[in-house]
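Peer 1: Structure supplied as entry_21.cif; contents: mmCIF, C-alpha atoms.
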```cif
data_start
#
loop_
_atom_site.group_PDB
_atom_site.id
_atom_site.type_symbol
_atom_site.label_atom_id
_atom_site.label_comp_id
_atom_site.auth_asym_id
_atom_site.auth_seq_id
_atom_site.Cartn_x
_atom_site.Cartn_y
_atom_site.Cartn_z
ATOM 1 C CA MET X 1 24.441 24.212 -9.256
ATOM 2 C CA PRO X 2 20.662 23.894 -8.803
ATOM 3 C CA VAL X 3 18.640 26.668 -7.185
ATOM 4 C CA VAL X 4 15.291 26.193 -5.434
ATOM 5 C CA THR X 5 12.684 28.177 -7.395
ATOM 6 C CA LYS X 6 9.404 27.080 -5.831
ATOM 7 C CA ILE X 7 8.045 24.985 -2.966
ATOM 8 C CA THR X 8 4.441 23.769 -2.971
ATOM 9 C CA THR X 9 2.339 21.562 -0.700
ATOM 10 C CA GLN X 10 1.613 18.114 -2.090
ATOM 11 C CA LYS X 11 -2.054 17.515 -2.929
ATOM 12 C CA ASN X 12 -2.611 14.436 -0.761
ATOM 13 C CA SER X 13 -0.443 15.342 2.217
ATOM 14 C CA GLY X 14 -0.162 18.683 3.978
ATOM 15 C CA GLU X 15 3.060 17.519 5.627
ATOM 16 C CA ARG X 16 4.926 16.883 2.353
ATOM 17 C CA TYR X 17 6.200 19.416 -0.143
ATOM 18 C CA ASN X 18 7.312 19.490 -3.771
ATOM 19 C CA VAL X 19 10.583 21.317 -4.387
ATOM 20 C CA TYR X 20 11.202 22.765 -7.853
ATOM 21 C CA LEU X 21 14.719 23.474 -9.103
ATOM 22 C CA ASP X 22 16.422 25.463 -11.822
ATOM 23 C CA TYR X 23 19.636 23.972 -13.216
ATOM 24 C CA GLY X 24 20.078 26.968 -15.525
ATOM 25 C CA LYS X 25 17.587 25.735 -18.126
ATOM 26 C CA GLY X 26 14.311 26.683 -16.432
ATOM 27 C CA GLU X 27 12.239 25.417 -13.560
ATOM 28 C CA GLU X 28 11.514 21.705 -13.180
ATOM 29 C CA PHE X 29 10.320 19.358 -10.443
ATOM 30 C CA GLY X 30 13.234 18.349 -8.233
ATOM 31 C CA PHE X 31 11.966 16.164 -5.390
ATOM 32 C CA GLY X 32 9.396 15.732 -2.641
ATOM 33 C CA VAL X 33 10.292 16.141 1.032
ATOM 34 C CA ASP X 34 8.709 15.795 4.457
ATOM 35 C CA GLU X 35 8.056 18.966 6.418
ATOM 36 C CA ASN X 36 10.789 18.115 8.965
ATOM 37 C CA VAL X 37 13.426 17.940 6.176
ATOM 38 C CA LEU X 38 12.234 21.274 4.787
ATOM 39 C CA ILE X 39 12.722 22.851 8.220
ATOM 40 C CA LYS X 40 15.975 21.032 9.098
ATOM 41 C CA TYR X 41 17.762 22.251 5.956
ATOM 42 C CA ASP X 42 15.977 25.624 5.886
ATOM 43 C CA LEU X 43 14.893 25.004 2.297
ATOM 44 C CA LYS X 44 13.291 28.057 0.761
ATOM 45 C CA LYS X 45 13.061 29.824 -2.552
ATOM 46 C CA VAL X 46 16.386 30.944 -4.088
ATOM 47 C CA VAL X 47 18.571 28.656 -1.961
ATOM 48 C CA SER X 48 21.426 27.015 -3.808
ATOM 49 C CA LEU X 49 21.584 23.319 -2.964
ATOM 50 C CA MET X 50 25.377 23.544 -2.891
ATOM 51 C CA ASN X 51 25.097 25.655 0.292
ATOM 52 C CA LEU X 52 23.460 22.934 2.394
ATOM 53 C CA ASN X 53 25.563 21.335 5.108
#
```
How does the structure come out when it is put into structure tokens?
Peer 2:
Amino acid sequence: MPVVTKITTQKNSGERYNVYLDYGKGEEFGFGVDENVLIKYDLKKVVSLMNLN
């Protein structure tokens, strides 16, 4: 199960973020999200994506 390892602000938009994941083989880019999604799902470092409801 993937784990969030890092969240950074996107260069061209302060309201969008890049989420980096570790699938057990090291960190890699996972996906970009809007700020409201980041807040809604309480995405933060070391959150397993399997725990999201």
Peer 1: Work out how far atom CA of X:Asp42 is from atom CA of X:Phe29, in Å to one decimal.
Peer 2: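 Distance between the two atoms: 18.4 Å.
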Peer 1: Excluding X:Lys25 and residues on its chain fewer than 4 positions from it, collect all residues at most 12 Å away from it, counting all atoms listed in the file, and give them as a count of residues only.
Peer 2: 4
Peer 1: Which residues fall under the PyMOL selection byres ((chain X and resi 27) around 12) in this file, as a ChimeraX atom specification?
Peer 2: /X:2-7,19-26,28-30,45-46
Peer 1: Write out as a PDB file with C-alpha atoms, in the frame of the given file which residues come within 8 Å of X:Glu15 when counting all atoms listed in the file, dropping same-chain ones fewer than 6 positions away.
Peer 2:
```
ATOM      1  CA  THR X   9       2.339  21.562  -0.700  1.00  0.00           C
ATOM      2  CA  ASP X  34       8.709  15.795   4.457  1.00  0.00           C
ATOM      3  CA  GLU X  35       8.056  18.966   6.418  1.00  0.00           C
TER       4      GLU X  35
END
```
Peer 1: Using atom CA of X:Ile39 and atom CA of X:Lys11 as the two end points, give the distance in Å to one decimal.
Peer 2: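 Straight-line distance from atom CA of X:Ile39 to atom CA of X:Lys11 works out to 19.3 Å.
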Peer 1: Show me, as lines of an AutoDock Vina configuration file, the centre and edge lengths in Å to one decimal of the axis-aligned box that covers every listed atom of stretch 5-21 of chain X with 3 Å on each side.
Peer 2:
```
center_x = 6.1
center_y = 21.3
center_z = -1.7
size_x = 23.3
size_y = 19.7
size_z = 20.7
```
Peer 1: Which residues are close to X:Asn18, i.e. within 7 Å by only C-alpha atoms, leaving aside same-chain residues fewer than 5 positions away? Reply as a list in words.
Peer 2: Ile7, Thr8, Thr9, Gln10, Phe31, Gly32 and Val33 of chain X
Peer 1: Is there a way to complete stretch 27-38 of chain X with all heavy atoms and then write that out as a PDB file, in the frame of the given file?
Peer 2:
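Written output follows (out_39.pdb):
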```pdb
ATOM      1  N   GLU X  27      12.758  26.122 -14.722  1.00  0.00           N
ATOM      2  CA  GLU X  27      12.239  25.417 -13.560  1.00  0.00           C
ATOM      3  C   GLU X  27      11.733  24.020 -13.908  1.00  0.00           C
ATOM      4  O   GLU X  27      11.100  23.819 -14.935  1.00  0.00           O
ATOM      5  CB  GLU X  27      11.093  26.248 -12.980  1.00  0.00           C
ATOM      6  CG  GLU X  27      10.465  25.678 -11.748  1.00  0.00           C
ATOM      7  CD  GLU X  27       9.368  26.575 -11.235  1.00  0.00           C
ATOM      8  OE1 GLU X  27       9.690  27.484 -10.454  1.00  0.00           O
ATOM      9  OE2 GLU X  27       8.200  26.387 -11.634  1.00  0.00           O
ATOM     10  N   GLU X  28      12.034  23.063 -13.027  1.00  0.00           N
ATOM     11  CA  GLU X  28      11.514  21.705 -13.180  1.00  0.00           C
ATOM     12  C   GLU X  28      11.358  21.081 -11.795  1.00  0.00           C
ATOM     13  O   GLU X  28      11.996  21.513 -10.826  1.00  0.00           O
ATOM     14  CB  GLU X  28      12.435  20.846 -14.042  1.00  0.00           C
ATOM     15  CG  GLU X  28      13.838  20.681 -13.480  1.00  0.00           C
ATOM     16  CD  GLU X  28      14.752  19.926 -14.425  1.00  0.00           C
ATOM     17  OE1 GLU X  28      15.093  20.474 -15.477  1.00  0.00           O
ATOM     18  OE2 GLU X  28      15.114  18.783 -14.080  1.00  0.00           O
ATOM     19  N   PHE X  29      10.500  20.057 -11.707  1.00  0.00           N
ATOM     20  CA  PHE X  29      10.320  19.358 -10.443  1.00  0.00           C
ATOM     21  C   PHE X  29      11.648  18.733 -10.018  1.00  0.00           C
ATOM     22  O   PHE X  29      12.340  18.113 -10.819  1.00  0.00           O
ATOM     23  CB  PHE X  29       9.245  18.265 -10.584  1.00  0.00           C
ATOM     24  CG  PHE X  29       9.107  17.425  -9.362  1.00  0.00           C
ATOM     25  CD1 PHE X  29       8.424  17.900  -8.252  1.00  0.00           C
ATOM     26  CD2 PHE X  29       9.667  16.165  -9.298  1.00  0.00           C
ATOM     27  CE1 PHE X  29       8.300  17.117  -7.105  1.00  0.00           C
ATOM     28  CE2 PHE X  29       9.547  15.376  -8.164  1.00  0.00           C
ATOM     29  CZ  PHE X  29       8.864  15.861  -7.060  1.00  0.00           C
ATOM     30  N   GLY X  30      11.996  18.920  -8.751  1.00  0.00           N
ATOM     31  CA  GLY X  30      13.234  18.349  -8.233  1.00  0.00           C
ATOM     32  C   GLY X  30      12.978  17.111  -7.399  1.00  0.00           C
ATOM     33  O   GLY X  30      13.423  16.025  -7.723  1.00  0.00           O
ATOM     34  N   PHE X  31      12.209  17.272  -6.310  1.00  0.00           N
ATOM     35  CA  PHE X  31      11.966  16.164  -5.390  1.00  0.00           C
ATOM     36  C   PHE X  31      10.882  16.542  -4.396  1.00  0.00           C
ATOM     37  O   PHE X  31      10.552  17.699  -4.223  1.00  0.00           O
ATOM     38  CB  PHE X  31      13.257  15.788  -4.643  1.00  0.00           C
ATOM     39  CG  PHE X  31      13.922  16.950  -3.953  1.00  0.00           C
ATOM     40  CD1 PHE X  31      13.617  17.266  -2.645  1.00  0.00           C
ATOM     41  CD2 PHE X  31      14.869  17.714  -4.625  1.00  0.00           C
ATOM     42  CE1 PHE X  31      14.231  18.340  -2.004  1.00  0.00           C
ATOM     43  CE2 PHE X  31      15.498  18.782  -3.996  1.00  0.00           C
ATOM     44  CZ  PHE X  31      15.179  19.098  -2.694  1.00  0.00           C
ATOM     45  N   GLY X  32      10.340  15.526  -3.721  1.00  0.00           N
ATOM     46  CA  GLY X  32       9.396  15.732  -2.641  1.00  0.00           C
ATOM     47  C   GLY X  32      10.083  15.515  -1.307  1.00  0.00           C
ATOM     48  O   GLY X  32      10.987  14.681  -1.209  1.00  0.00           O
ATOM     49  N   VAL X  33       9.680  16.274  -0.297  1.00  0.00           N
ATOM     50  CA  VAL X  33      10.292  16.141   1.032  1.00  0.00           C
ATOM     51  C   VAL X  33       9.231  16.230   2.120  1.00  0.00           C
ATOM     52  O   VAL X  33       8.182  16.842   1.944  1.00  0.00           O
ATOM     53  CB  VAL X  33      11.365  17.213   1.305  1.00  0.00           C
ATOM     54  CG1 VAL X  33      12.443  17.211   0.274  1.00  0.00           C
ATOM     55  CG2 VAL X  33      10.783  18.589   1.446  1.00  0.00           C
ATOM     56  N   ASP X  34       9.542  15.634   3.271  1.00  0.00           N
ATOM     57  CA  ASP X  34       8.709  15.795   4.457  1.00  0.00           C
ATOM     58  C   ASP X  34       8.944  17.182   5.044  1.00  0.00           C
ATOM     59  O   ASP X  34      10.013  17.789   4.852  1.00  0.00           O
ATOM     60  CB  ASP X  34       9.073  14.757   5.517  1.00  0.00           C
ATOM     61  CG  ASP X  34       8.571  13.371   5.176  1.00  0.00           C
ATOM     62  OD1 ASP X  34       7.500  13.262   4.543  1.00  0.00           O
ATOM     63  OD2 ASP X  34       9.249  12.396   5.555  1.00  0.00           O
ATOM     64  N   GLU X  35       7.969  17.641   5.809  1.00  0.00           N
ATOM     65  CA  GLU X  35       8.056  18.966   6.418  1.00  0.00           C
ATOM     66  C   GLU X  35       9.283  19.102   7.314  1.00  0.00           C
ATOM     67  O   GLU X  35       9.944  20.142   7.318  1.00  0.00           O
ATOM     68  CB  GLU X  35       6.782  19.221   7.221  1.00  0.00           C
ATOM     69  CG  GLU X  35       6.669  20.624   7.761  1.00  0.00           C
ATOM     70  CD  GLU X  35       5.306  20.864   8.374  1.00  0.00           C
ATOM     71  OE1 GLU X  35       4.838  20.008   9.152  1.00  0.00           O
ATOM     72  OE2 GLU X  35       4.710  21.894   8.048  1.00  0.00           O
ATOM     73  N   ASN X  36       9.634  18.036   8.053  1.00  0.00           N
ATOM     74  CA  ASN X  36      10.789  18.115   8.965  1.00  0.00           C
ATOM     75  C   ASN X  36      12.102  18.304   8.203  1.00  0.00           C
ATOM     76  O   ASN X  36      13.012  18.970   8.682  1.00  0.00           O
ATOM     77  CB  ASN X  36      10.857  16.910   9.903  1.00  0.00           C
ATOM     78  CG  ASN X  36      10.970  15.597   9.189  1.00  0.00           C
ATOM     79  OD1 ASN X  36      10.855  15.532   7.967  1.00  0.00           O
ATOM     80  ND2 ASN X  36      11.175  14.526   9.940  1.00  0.00           N
ATOM     81  N   VAL X  37      12.220  17.749   7.007  1.00  0.00           N
ATOM     82  CA  VAL X  37      13.426  17.940   6.176  1.00  0.00           C
ATOM     83  C   VAL X  37      13.477  19.381   5.667  1.00  0.00           C
ATOM     84  O   VAL X  37      14.533  20.015   5.661  1.00  0.00           O
ATOM     85  CB  VAL X  37      13.465  16.940   5.006  1.00  0.00           C
ATOM     86  CG1 VAL X  37      14.609  17.241   4.058  1.00  0.00           C
ATOM     87  CG2 VAL X  37      13.555  15.527   5.533  1.00  0.00           C
ATOM     88  N   LEU X  38      12.331  19.896   5.259  1.00  0.00           N
ATOM     89  CA  LEU X  38      12.234  21.274   4.787  1.00  0.00           C
ATOM     90  C   LEU X  38      12.734  22.239   5.861  1.00  0.00           C
ATOM     91  O   LEU X  38      13.518  23.149   5.586  1.00  0.00           O
ATOM     92  CB  LEU X  38      10.775  21.566   4.435  1.00  0.00           C
ATOM     93  CG  LEU X  38      10.471  22.765   3.584  1.00  0.00           C
ATOM     94  CD1 LEU X  38      10.939  22.556   2.164  1.00  0.00           C
ATOM     95  CD2 LEU X  38       8.974  23.046   3.604  1.00  0.00           C
TER      96      LEU X  38
END
```
